[in-house]
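Next comes query-v8.txt, a file with compact mmCIF, C-alpha atoms and all ligand atoms.
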```txt
# COMPACT_ATOMS: atom_id res chain seq x y z
CA MET A 203 -73.10 -36.80 -19.49
CA ILE A 204 -70.27 -34.74 -20.98
CA ASN A 205 -68.16 -35.23 -17.86
CA GLN A 206 -68.98 -38.91 -17.77
CA ILE A 207 -67.58 -39.28 -21.30
CA LEU A 208 -64.34 -37.55 -20.30
CA GLU A 209 -64.09 -39.74 -17.19
CA LYS A 210 -64.37 -42.86 -19.35
CA ILE A 211 -61.71 -41.56 -21.73
CA LYS A 212 -59.43 -41.01 -18.72
CA GLU A 213 -60.25 -44.42 -17.27
CA TYR A 214 -59.32 -46.58 -20.27
CA ASN A 215 -55.80 -47.09 -21.61
CA ARG A 216 -56.89 -48.37 -24.99
CA ILE A 217 -59.55 -46.56 -27.01
CA ILE A 218 -60.88 -47.73 -30.38
CA ILE A 219 -62.88 -45.28 -32.46
CA HIS A 220 -65.43 -46.49 -35.01
CA ARG A 221 -67.54 -44.59 -37.56
CA HIS A 222 -70.22 -45.32 -40.13
CA ILE A 223 -70.03 -47.32 -43.36
CA ARG A 224 -69.68 -45.31 -46.60
CA PRO A 225 -67.61 -42.69 -44.79
CA ASP A 226 -67.99 -38.97 -45.44
CA GLY A 227 -65.98 -35.96 -44.34
CA ASP A 228 -67.87 -35.61 -41.09
CA CYS A 229 -67.28 -39.11 -39.80
CA ILE A 230 -63.66 -39.28 -40.99
CA GLY A 231 -62.92 -35.82 -39.58
CA SER A 232 -64.67 -36.53 -36.29
CA GLN A 233 -62.97 -39.89 -35.88
CA HIS A 234 -59.45 -38.64 -36.54
CA ALA A 235 -59.90 -35.40 -34.60
CA LEU A 236 -60.99 -37.35 -31.55
CA LYS A 237 -58.15 -39.84 -31.96
CA LYS A 238 -55.50 -37.15 -32.31
CA ALA A 239 -56.96 -35.07 -29.48
CA ILE A 240 -56.90 -38.00 -27.06
CA MET A 241 -53.32 -38.80 -28.14
CA LEU A 242 -52.22 -35.18 -27.71
CA ASN A 243 -53.79 -34.72 -24.29
CA PHE A 244 -53.21 -38.24 -22.91
CA PRO A 245 -49.99 -39.40 -24.62
CA GLU A 246 -49.81 -42.58 -22.55
CA LYS A 247 -52.97 -43.98 -24.14
CA GLU A 248 -53.27 -46.22 -27.21
CA VAL A 249 -55.87 -44.84 -29.61
CA TYR A 250 -57.02 -46.44 -32.85
CA ALA A 251 -59.29 -45.29 -35.68
CA VAL A 252 -60.84 -48.21 -37.55
CA GLY A 253 -62.92 -48.68 -40.68
CA ASP A 254 -62.82 -49.82 -44.27
CA VAL A 255 -62.22 -48.16 -47.63
CA ILE A 256 -62.00 -44.38 -47.72
CA PRO A 257 -63.31 -42.51 -50.79
CA ASP A 258 -60.69 -40.87 -53.03
CA TYR A 259 -61.53 -37.29 -52.04
CA LEU A 260 -60.76 -38.15 -48.39
CA THR A 261 -57.61 -40.23 -48.83
CA ASN A 262 -55.46 -37.39 -47.49
CA TYR A 263 -57.41 -37.47 -44.24
CA GLY A 264 -57.99 -41.02 -43.28
CA VAL A 265 -55.11 -43.31 -42.33
CA LEU A 266 -56.74 -46.26 -40.60
CA ASP A 267 -55.36 -48.56 -37.93
CA GLU A 268 -55.22 -52.35 -37.78
CA VAL A 269 -56.94 -53.70 -34.69
CA THR A 270 -57.34 -57.41 -33.91
CA PRO A 271 -60.45 -58.73 -32.11
CA ASP A 272 -58.52 -59.54 -28.91
CA MET A 273 -57.43 -55.88 -28.61
CA TYR A 274 -61.02 -54.92 -27.81
CA LYS A 275 -60.86 -56.74 -24.47
CA GLY A 276 -60.59 -54.11 -21.74
CA SER A 277 -60.98 -51.28 -24.24
CA LEU A 278 -63.25 -48.28 -24.53
CA VAL A 279 -65.06 -48.06 -27.88
CA ILE A 280 -66.32 -44.71 -29.16
CA VAL A 281 -68.59 -44.66 -32.21
CA VAL A 282 -68.90 -41.30 -33.95
CA ASP A 283 -71.55 -39.98 -36.35
CA THR A 284 -73.46 -43.25 -36.60
CA ALA A 285 -77.22 -43.39 -35.99
CA SER A 286 -77.86 -47.11 -35.87
CA LYS A 287 -76.11 -50.42 -35.27
CA LYS A 288 -76.57 -51.47 -38.89
CA ARG A 289 -74.57 -48.41 -40.02
CA ILE A 290 -71.54 -49.02 -37.77
CA CYS A 291 -68.44 -49.91 -39.77
CA GLY A 292 -66.77 -52.94 -38.16
CA GLU A 293 -68.80 -55.40 -36.15
CA ASN A 294 -66.11 -55.95 -33.49
CA TYR A 295 -67.17 -52.79 -31.69
CA THR A 296 -69.40 -55.00 -29.49
CA LEU A 297 -66.25 -56.65 -28.08
CA GLY A 298 -65.25 -53.49 -26.23
CA ASP A 299 -65.73 -53.20 -22.45
CA TYR A 300 -67.71 -50.01 -22.64
CA ILE A 301 -69.26 -48.21 -25.63
CA ILE A 302 -69.88 -44.48 -26.10
CA LYS A 303 -71.83 -43.08 -29.01
CA ILE A 304 -71.43 -39.45 -30.14
CA ASP A 305 -73.86 -38.50 -32.91
CA HIS A 306 -76.13 -35.88 -34.45
CA HIS A 307 -78.65 -37.86 -36.54
CA ASP A 308 -82.40 -37.37 -36.25
CA ASP A 309 -83.17 -41.07 -36.30
CA SER A 310 -80.60 -42.12 -33.72
CA GLU A 311 -80.99 -45.43 -31.91
CA ASP A 312 -79.48 -46.15 -28.48
CA TYR A 313 -76.88 -48.89 -28.90
CA ALA A 314 -74.15 -47.79 -26.48
CA ASP A 315 -73.62 -47.47 -22.72
CA ILE A 316 -73.56 -43.70 -23.13
CA ASN A 317 -75.57 -42.29 -26.06
CA TYR A 318 -74.64 -38.64 -26.53
CA VAL A 319 -76.78 -37.30 -29.38
CA ASP A 320 -77.61 -33.74 -30.32
CA GLU A 321 -79.66 -33.76 -33.50
CA LYS A 322 -79.83 -29.96 -33.63
CA ILE A 323 -76.11 -29.74 -34.41
CA PRO A 324 -75.44 -29.97 -38.17
CA ALA A 325 -72.17 -31.96 -37.99
CA CYS A 326 -70.77 -34.52 -35.57
CA GLY A 327 -67.48 -32.62 -35.86
CA ALA A 328 -69.20 -29.56 -34.38
CA ILE A 329 -70.21 -31.64 -31.35
CA ILE A 330 -66.65 -32.96 -30.96
CA THR A 331 -65.28 -29.39 -31.22
CA SER A 332 -67.63 -28.23 -28.45
CA LEU A 333 -66.76 -31.24 -26.30
CA LEU A 334 -63.00 -30.73 -26.65
CA ARG A 335 -63.40 -27.06 -25.75
CA LYS A 336 -65.69 -27.77 -22.79
CA TRP A 337 -63.21 -30.37 -21.55
CA ASN A 338 -60.43 -27.79 -21.84
CA LEU A 339 -58.33 -30.13 -23.96
CA LYS A 340 -55.54 -28.88 -26.21
CA ILE A 341 -56.34 -28.71 -29.94
CA ASN A 342 -53.52 -28.31 -32.46
CA GLU A 343 -53.59 -27.39 -36.16
CA GLU A 344 -53.93 -31.00 -37.31
CA ILE A 345 -56.91 -31.66 -35.02
CA ALA A 346 -58.45 -28.32 -36.00
CA THR A 347 -58.15 -29.30 -39.66
CA TYR A 348 -59.96 -32.60 -39.09
CA LEU A 349 -62.71 -30.78 -37.20
CA TYR A 350 -63.05 -28.13 -39.89
CA LEU A 351 -63.18 -30.85 -42.54
CA ALA A 352 -66.03 -32.50 -40.62
CA ILE A 353 -68.02 -29.31 -40.13
CA THR A 354 -67.57 -27.82 -43.59
CA THR A 355 -68.55 -31.02 -45.41
CA ASP A 356 -71.66 -31.81 -43.37
CA THR A 357 -72.96 -28.25 -43.47
CA GLY A 358 -72.38 -27.84 -47.23
CA ARG A 359 -69.82 -25.15 -46.44
CA PHE A 360 -71.96 -23.59 -43.70
CA ARG A 361 -75.17 -23.38 -45.73
CA PHE A 362 -77.46 -25.98 -44.18
CA ARG A 363 -80.04 -25.94 -41.42
CA GLY A 364 -78.59 -25.97 -37.93
CA VAL A 365 -75.62 -23.72 -38.64
CA ASN A 366 -75.80 -21.39 -35.65
CA GLU A 367 -73.67 -18.97 -33.69
CA GLU A 368 -71.90 -21.73 -31.75
CA VAL A 369 -70.97 -23.59 -34.95
CA MET A 370 -69.62 -20.42 -36.56
CA THR A 371 -67.78 -19.36 -33.41
CA ASN A 372 -66.17 -22.77 -33.14
CA ALA A 373 -65.26 -22.71 -36.84
CA GLY A 374 -63.61 -19.32 -36.29
CA TYR A 375 -61.71 -20.74 -33.35
CA LEU A 376 -60.47 -23.64 -35.49
CA ILE A 377 -59.27 -21.18 -38.15
CA SER A 378 -57.38 -19.30 -35.43
CA LEU A 379 -55.50 -22.56 -34.75
CA GLY A 380 -54.14 -22.60 -38.30
CA VAL A 381 -56.60 -24.43 -40.59
CA LYS A 382 -55.54 -23.80 -44.20
CA ILE A 383 -58.94 -23.41 -45.83
CA ASP A 384 -57.63 -23.01 -49.39
CA LYS A 385 -55.64 -26.24 -49.16
CA LEU A 386 -58.51 -28.11 -47.54
CA TYR A 387 -61.01 -26.94 -50.15
CA THR A 388 -58.65 -27.75 -53.01
CA ASN A 389 -58.45 -31.34 -51.79
CA LEU A 390 -62.17 -31.59 -51.15
CA TYR A 391 -63.82 -29.70 -53.95
CA THR A 392 -61.82 -30.34 -57.07
CA LYS A 393 -62.79 -33.36 -59.14
CA GLU A 394 -61.63 -35.30 -62.17
CA LYS A 395 -62.68 -33.97 -65.55
CA GLU A 396 -64.71 -37.15 -66.19
CA SER A 397 -66.96 -36.17 -63.28
CA PHE A 398 -67.54 -32.75 -64.83
CA LYS A 399 -68.58 -34.39 -68.08
CA LEU A 400 -71.04 -36.56 -66.19
CA GLN A 401 -72.23 -33.43 -64.40
CA GLY A 402 -73.01 -32.00 -67.83
CA TYR A 403 -75.05 -35.14 -68.52
CA VAL A 404 -76.97 -34.56 -65.27
CA TYR A 405 -77.83 -30.99 -66.25
CA GLN A 406 -79.06 -32.22 -69.63
CA ASN A 407 -80.93 -35.28 -68.49
CA PHE A 408 -82.38 -34.85 -65.01
CA LYS A 409 -86.12 -35.33 -64.75
CA THR A 410 -88.78 -33.88 -62.50
CA THR A 411 -91.99 -35.32 -61.12
CA GLN A 412 -95.26 -33.46 -61.54
CA SER A 413 -94.73 -31.32 -58.45
CA GLY A 414 -91.05 -30.75 -59.24
CA VAL A 415 -89.01 -33.39 -57.38
CA ALA A 416 -85.78 -33.47 -59.41
CA TYR A 417 -84.03 -36.79 -59.94
CA ILE A 418 -81.33 -38.52 -61.93
CA TYR A 419 -80.66 -42.22 -62.50
CA PHE A 420 -77.07 -43.41 -62.82
CA SER A 421 -76.98 -46.86 -64.42
CA GLN A 422 -73.79 -48.92 -64.30
CA ASP A 423 -73.55 -48.51 -68.08
CA LEU A 424 -73.62 -44.74 -67.74
CA ILE A 425 -71.04 -44.80 -64.93
CA ASN A 426 -68.76 -47.00 -67.06
CA GLU A 427 -69.30 -44.90 -70.18
CA TYR A 428 -68.08 -41.77 -68.37
CA GLY A 429 -65.21 -43.60 -66.64
CA VAL A 430 -66.11 -42.47 -63.12
CA THR A 431 -66.60 -44.41 -59.90
CA LYS A 432 -70.04 -44.94 -58.44
CA ASP A 433 -69.04 -42.60 -55.57
CA ASP A 434 -68.19 -39.89 -58.11
CA ALA A 435 -71.63 -40.35 -59.63
CA ALA A 436 -73.30 -40.37 -56.20
CA ASN A 437 -71.59 -37.10 -55.31
CA LEU A 438 -73.34 -35.41 -58.21
CA VAL A 439 -76.60 -35.39 -56.26
CA SER A 440 -75.71 -31.82 -55.25
CA THR A 441 -75.80 -30.79 -58.92
CA LEU A 442 -79.59 -30.71 -58.56
CA ASP A 443 -79.65 -28.61 -55.40
CA SER A 444 -80.62 -25.19 -56.74
CA ILE A 445 -83.47 -25.71 -59.20
CA LYS A 446 -86.23 -23.18 -58.66
CA GLY A 447 -89.39 -24.93 -57.54
CA SER A 448 -87.59 -28.21 -56.67
CA LEU A 449 -87.34 -28.53 -52.92
CA ILE A 450 -86.49 -32.22 -53.12
CA TRP A 451 -83.83 -33.79 -55.31
CA VAL A 452 -82.67 -37.37 -55.54
CA ALA A 453 -79.91 -39.45 -57.14
CA PHE A 454 -80.35 -43.17 -57.83
CA ILE A 455 -77.07 -45.02 -58.23
CA GLU A 456 -77.02 -48.58 -59.54
CA GLN A 457 -74.51 -50.70 -57.64
CA GLU A 458 -72.25 -53.36 -59.20
CA ASP A 459 -74.79 -56.15 -59.10
CA ARG A 460 -77.36 -53.84 -60.80
CA PHE A 461 -80.20 -55.10 -58.61
CA GLU A 462 -79.23 -52.86 -55.74
CA ILE A 463 -79.81 -49.14 -56.13
CA ARG A 464 -78.44 -46.61 -53.67
CA VAL A 465 -80.72 -43.63 -53.16
CA ARG A 466 -79.46 -40.24 -51.98
CA LEU A 467 -82.24 -37.84 -51.00
CA ARG A 468 -81.79 -34.15 -50.32
CA SER A 469 -84.19 -31.28 -49.63
CA ARG A 470 -84.73 -27.73 -48.54
CA PHE A 471 -87.33 -27.33 -45.74
CA VAL A 472 -89.17 -30.63 -46.38
CA SER A 473 -88.43 -33.62 -44.12
CA ILE A 474 -87.56 -36.58 -46.30
CA ASN A 475 -86.01 -39.07 -43.86
CA GLY A 476 -89.44 -40.59 -43.15
CA VAL A 477 -89.70 -41.71 -46.76
CA ALA A 478 -86.07 -42.95 -46.68
CA SER A 479 -86.79 -45.07 -43.61
CA LYS A 480 -89.57 -46.89 -45.49
CA TYR A 481 -86.96 -48.02 -48.02
CA ARG A 482 -84.30 -49.51 -45.74
CA GLY A 483 -82.76 -46.15 -44.99
CA GLY A 484 -82.82 -43.10 -42.79
CA GLY A 485 -80.71 -40.06 -42.03
CA HIS A 486 -81.33 -36.40 -41.37
CA LEU A 487 -84.50 -34.42 -42.02
CA GLN A 488 -82.99 -32.94 -45.19
CA ALA A 489 -80.23 -35.39 -46.15
CA ALA A 490 -81.06 -39.06 -46.12
CA GLY A 491 -80.23 -42.30 -47.88
CA ALA A 492 -81.96 -45.56 -48.73
CA THR A 493 -81.49 -48.78 -50.68
CA ILE A 494 -83.97 -50.13 -53.20
CA TYR A 495 -84.02 -53.21 -55.38
CA SER A 496 -86.16 -52.45 -58.43
CA LEU A 497 -87.42 -49.73 -60.74
CA ASP A 498 -90.87 -50.30 -59.25
CA GLU A 499 -89.47 -49.24 -55.91
CA MET A 500 -87.88 -46.23 -57.56
CA ASN A 501 -91.25 -45.18 -58.95
CA ALA A 502 -92.90 -45.78 -55.58
CA ILE A 503 -90.36 -43.62 -53.75
CA LEU A 504 -90.74 -40.87 -56.35
CA GLU A 505 -94.53 -40.97 -55.99
CA GLU A 506 -94.29 -40.63 -52.22
CA LEU A 507 -91.85 -37.76 -52.52
CA ASP A 508 -94.04 -36.10 -55.11
CA VAL A 509 -97.05 -36.10 -52.78
CA LEU A 510 -94.95 -34.82 -49.89
CA HIS A 511 -93.49 -32.10 -52.09
CA GLN A 512 -96.87 -31.03 -53.45
CA GLU A 513 -98.39 -30.83 -49.95
CA PHE A 514 -95.46 -28.90 -48.59
CA LYS A 515 -95.60 -26.36 -51.40
CA GLU A 516 -99.34 -25.86 -50.99
CA ASN A 517 -99.01 -25.30 -47.25
CA ASN A 518 -95.91 -23.11 -47.33
CA LYS A 519 -96.45 -20.64 -50.16
CA GLU A 520 -94.74 -17.89 -48.15
CA LEU A 521 -91.39 -19.66 -48.59
CA PHE A 522 -91.32 -19.08 -52.35
P1 LIG B 601 -75.73 -40.00 -47.92
O1 LIG B 601 -76.71 -39.76 -49.00
O2 LIG B 601 -75.11 -41.37 -48.01
O3 LIG B 601 -74.75 -38.89 -47.78
O4 LIG B 601 -76.53 -40.03 -46.55
C1 LIG B 601 -77.16 -38.91 -46.01
C2 LIG B 601 -77.49 -39.19 -44.56
O5 LIG B 601 -78.38 -40.29 -44.47
C3 LIG B 601 -76.26 -39.57 -43.76
O6 LIG B 601 -76.36 -38.94 -42.53
C4 LIG B 601 -76.33 -41.06 -43.62
O7 LIG B 601 -75.82 -41.46 -42.39
C5 LIG B 601 -77.82 -41.34 -43.72
N1 LIG B 601 -78.06 -42.58 -44.46
C6 LIG B 601 -77.66 -42.84 -45.72
N2 LIG B 601 -78.03 -44.09 -46.10
C7 LIG B 601 -78.68 -44.63 -45.05
C8 LIG B 601 -79.27 -45.89 -44.81
N3 LIG B 601 -79.31 -46.85 -45.72
N4 LIG B 601 -79.83 -46.09 -43.57
C9 LIG B 601 -79.82 -45.12 -42.64
N5 LIG B 601 -79.26 -43.90 -42.81
C10 LIG B 601 -78.69 -43.66 -43.99
```

Could I get this file's structure written as structure tokens?
Amino acid sequence: MINQILEKIKEYNRIIIHRHIRPDGDCIGSQHALKKAIMLNFPEKEVYAVGDVIPDYLTNYGVLDEVTPDMYKGSLVIVVDTASKKRICGENYTLGDYIIKIDHHDDSEDYADINYVDEKIPACGAIITSLLRKWNLKINEEIATYLYLAITTDTGRFRFRGVNEEVMTNAGYLISLGVKIDKLYTNLYTKEKESFKLQGYVYQNFKTTQSGVAYIYFSQDLINEYGVTKDDAANLVSTLDSIKGSLIWVAFIEQEDRFEIRVRLRSRFVSINGVASKYRGGGHLQAAGATIYSLDEMNAILEELDVLHQEFKENNKELF
């Protein structure tokens, strides 16, 4: 399958790369690394990276291209880091001649002509790095930086499940190509002081269920009061990631219309994407998302997580 993907890249003169909605470092890094790598190794080809708004912390990494619907005719489309059709950013991807999907989600659905998915790999950027190396393609400092961005963000700086020897070896290789880690981390991991103040609020006000699922609710009023964006608030889910006895933590973020609530679920050890998928969501075993439309649904999701958490703790006492 790997060779087939390379053959398709060689075959097409125009390649359009899509990614998922609500972009993160992994999909932006994967998308741009692939684009730049194809341009570097096959300079005669036209390659485009498409999508919508990029969050502030990634603005340095995501210049997007304009592509009109008629440009898809006779083109190869590659979709990176996107499990399902409903999560693809830009519906015109179906207009391409041939579609390749490259992904690492646990709940991946086949929507392309080639579906290359390895759910054991913790970042799509790690898959792209391995592919580029196996294809013997040149990688320069810029491409290496995009790949490192992808891997470091989706592995929580190399902490999460799935980080293995190959991922670390590839990361080392990328560093050898000139990635400036201090610069990258300064762009990625500094935030506005308003976010820190809201982080203080999270520390003071998070709640736990009976078995210890930690959660925080960000209302629009709270978001406005602290003068942050809803993405800034959403990013604070990780504030709850190290509470002793809490293997699951969740942020609920009210969207502009107040009836829609984005849910970000995270865990250690426990698989939570099953619960997410019951609430219009999905994702990885230990990092998933969902959308709910009422406080009743919030309570229902918390109850389900509480039971799951309780059972897991009872059956896995050796982990604590
Ligand atoms: P997030 O909390 O948005 O960072 O999402 C964590 C993981 O869950 C990512 O891999 C997303 O692709 C996936 N995810 C988030 N929201 C949804 C959703 N509504 N449906 C399916 N997958 C989702």

Given 9 Å and all atoms listed in the file, residues near ligand LIG 601 (chain B) as a JSON list (two decimals) with C-alpha atoms, in the frame of the given file:
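Once written, pocket.json looks like this:
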```json
[["chain", "number", "residue", "atom", "x", "y", "z"],
["A", 222, "HIS", "CA", -70.22, -45.32, -40.13],
["A", 223, "ILE", "CA", -70.03, -47.32, -43.36],
["A", 224, "ARG", "CA", -69.68, -45.31, -46.60],
["A", 225, "PRO", "CA", -67.61, -42.69, -44.79],
["A", 226, "ASP", "CA", -67.99, -38.97, -45.44],
["A", 283, "ASP", "CA", -71.55, -39.98, -36.35],
["A", 284, "THR", "CA", -73.46, -43.25, -36.60],
["A", 285, "ALA", "CA", -77.22, -43.39, -35.99],
["A", 286, "SER", "CA", -77.86, -47.11, -35.87],
["A", 288, "LYS", "CA", -76.57, -51.47, -38.89],
["A", 289, "ARG", "CA", -74.57, -48.41, -40.02],
["A", 306, "HIS", "CA", -76.13, -35.88, -34.45],
["A", 307, "HIS", "CA", -78.65, -37.86, -36.54],
["A", 308, "ASP", "CA", -82.40, -37.37, -36.25],
["A", 309, "ASP", "CA", -83.17, -41.07, -36.30],
["A", 356, "ASP", "CA", -71.66, -31.81, -43.37],
["A", 436, "ALA", "CA", -73.30, -40.37, -56.20],
["A", 437, "ASN", "CA", -71.59, -37.10, -55.31],
["A", 439, "VAL", "CA", -76.60, -35.39, -56.26],
["A", 453, "ALA", "CA", -79.91, -39.45, -57.14],
["A", 464, "ARG", "CA", -78.44, -46.61, -53.67],
["A", 465, "VAL", "CA", -80.72, -43.63, -53.16],
["A", 466, "ARG", "CA", -79.46, -40.24, -51.98],
["A", 467, "LEU", "CA", -82.24, -37.84, -51.00],
["A", 468, "ARG", "CA", -81.79, -34.15, -50.32],
["A", 475, "ASN", "CA", -86.01, -39.07, -43.86],
["A", 478, "ALA", "CA", -86.07, -42.95, -46.68],
["A", 479, "SER", "CA", -86.79, -45.07, -43.61],
["A", 481, "TYR", "CA", -86.96, -48.02, -48.02],
["A", 482, "ARG", "CA", -84.30, -49.51, -45.74],
["A", 483, "GLY", "CA", -82.76, -46.15, -44.99],
["A", 484, "GLY", "CA", -82.82, -43.10, -42.79],
["A", 485, "GLY", "CA", -80.71, -40.06, -42.03],
["A", 486, "HIS", "CA", -81.33, -36.40, -41.37],
["A", 487, "LEU", "CA", -84.50, -34.42, -42.02],
["A", 488, "GLN", "CA", -82.99, -32.94, -45.19],
["A", 489, "ALA", "CA", -80.23, -35.39, -46.15],
["A", 490, "ALA", "CA", -81.06, -39.06, -46.12],
["A", 491, "GLY", "CA", -80.23, -42.30, -47.88],
["A", 492, "ALA", "CA", -81.96, -45.56, -48.73],
["A", 493, "THR", "CA", -81.49, -48.78, -50.68]]
```

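Straight-line separation from atom CA of Leu507 of chain A to atom CA of Ile450 of chain A: 7.7 Å.
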
Please report as a Markdown table every residue of segment 433-462 of chain A lying within 10 Å of segment 420-427 of chain A, along with the nearest atom pair and their distance in Å (one decimal), using only C-alpha atoms.
```
| residue | atom | partner | partner_atom | distance |
| --- | --- | --- | --- | --- |
| A:Asp433 | CA | A:Ile425 | CA | 9.8 |
| A:Asp434 | CA | A:Ile425 | CA | 8.9 |
| A:Ala435 | CA | A:Ile425 | CA | 6.9 |
| A:Ala436 | CA | A:Phe420 | CA | 8.2 |
| A:Leu438 | CA | A:Phe420 | CA | 10.0 |
| A:Ala453 | CA | A:Phe420 | CA | 7.5 |
| A:Phe454 | CA | A:Phe420 | CA | 6.0 |
| A:Ile455 | CA | A:Phe420 | CA | 4.9 |
| A:Glu456 | CA | A:Ser421 | CA | 5.2 |
| A:Gln457 | CA | A:Gln422 | CA | 6.9 |
| A:Glu458 | CA | A:Gln422 | CA | 6.9 |
| A:Asp459 | CA | A:Gln422 | CA | 9.0 |
| A:Arg460 | CA | A:Gln422 | CA | 7.0 |
```

Counting all atoms listed in the file, the residue of A:Asn342, A:Thr431, A:Gln401, A:Asn294 that sits nearest Ile418 of chain A: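 Nearest candidate to Ile418 of chain A out of A:Asn342, A:Thr431, A:Gln401, A:Asn294: A:Gln401.
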
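Nearest residue to Glu344 of chain A among A:Leu242, A:Val282, A:Ile503, A:Val369 is A:Leu242, counting all atoms listed in the file.
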
Tell me, in Å to one decimal, how far atom CA of Ile218 of chain A is from atom CA of Gly231 of chain A.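 Going from atom CA of Ile218 of chain A over to atom CA of Gly231 of chain A, I get 15.2 Å.
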
State, in Å with one decimal place, the distance from atom CA of Glu209 of chain A to atom CA of Gly292 of chain A.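 Computing it gives 24.9 Å between the two atoms.
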
Kindly indicate which residue among A:Lys382, A:Lys303, A:Lys238, A:His220 lies nearest to Leu339 of chain A, using all atoms listed in the file for the distances.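 Using all atoms listed in the file, the shortest distance to Leu339 of chain A belongs to A:Lys238.
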
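Counting all atoms listed in the file, the residue from A:Thr355, A:Asn372, A:Asn215, A:Asn262 that sits nearest to Asp299 of chain A is A:Asn215.
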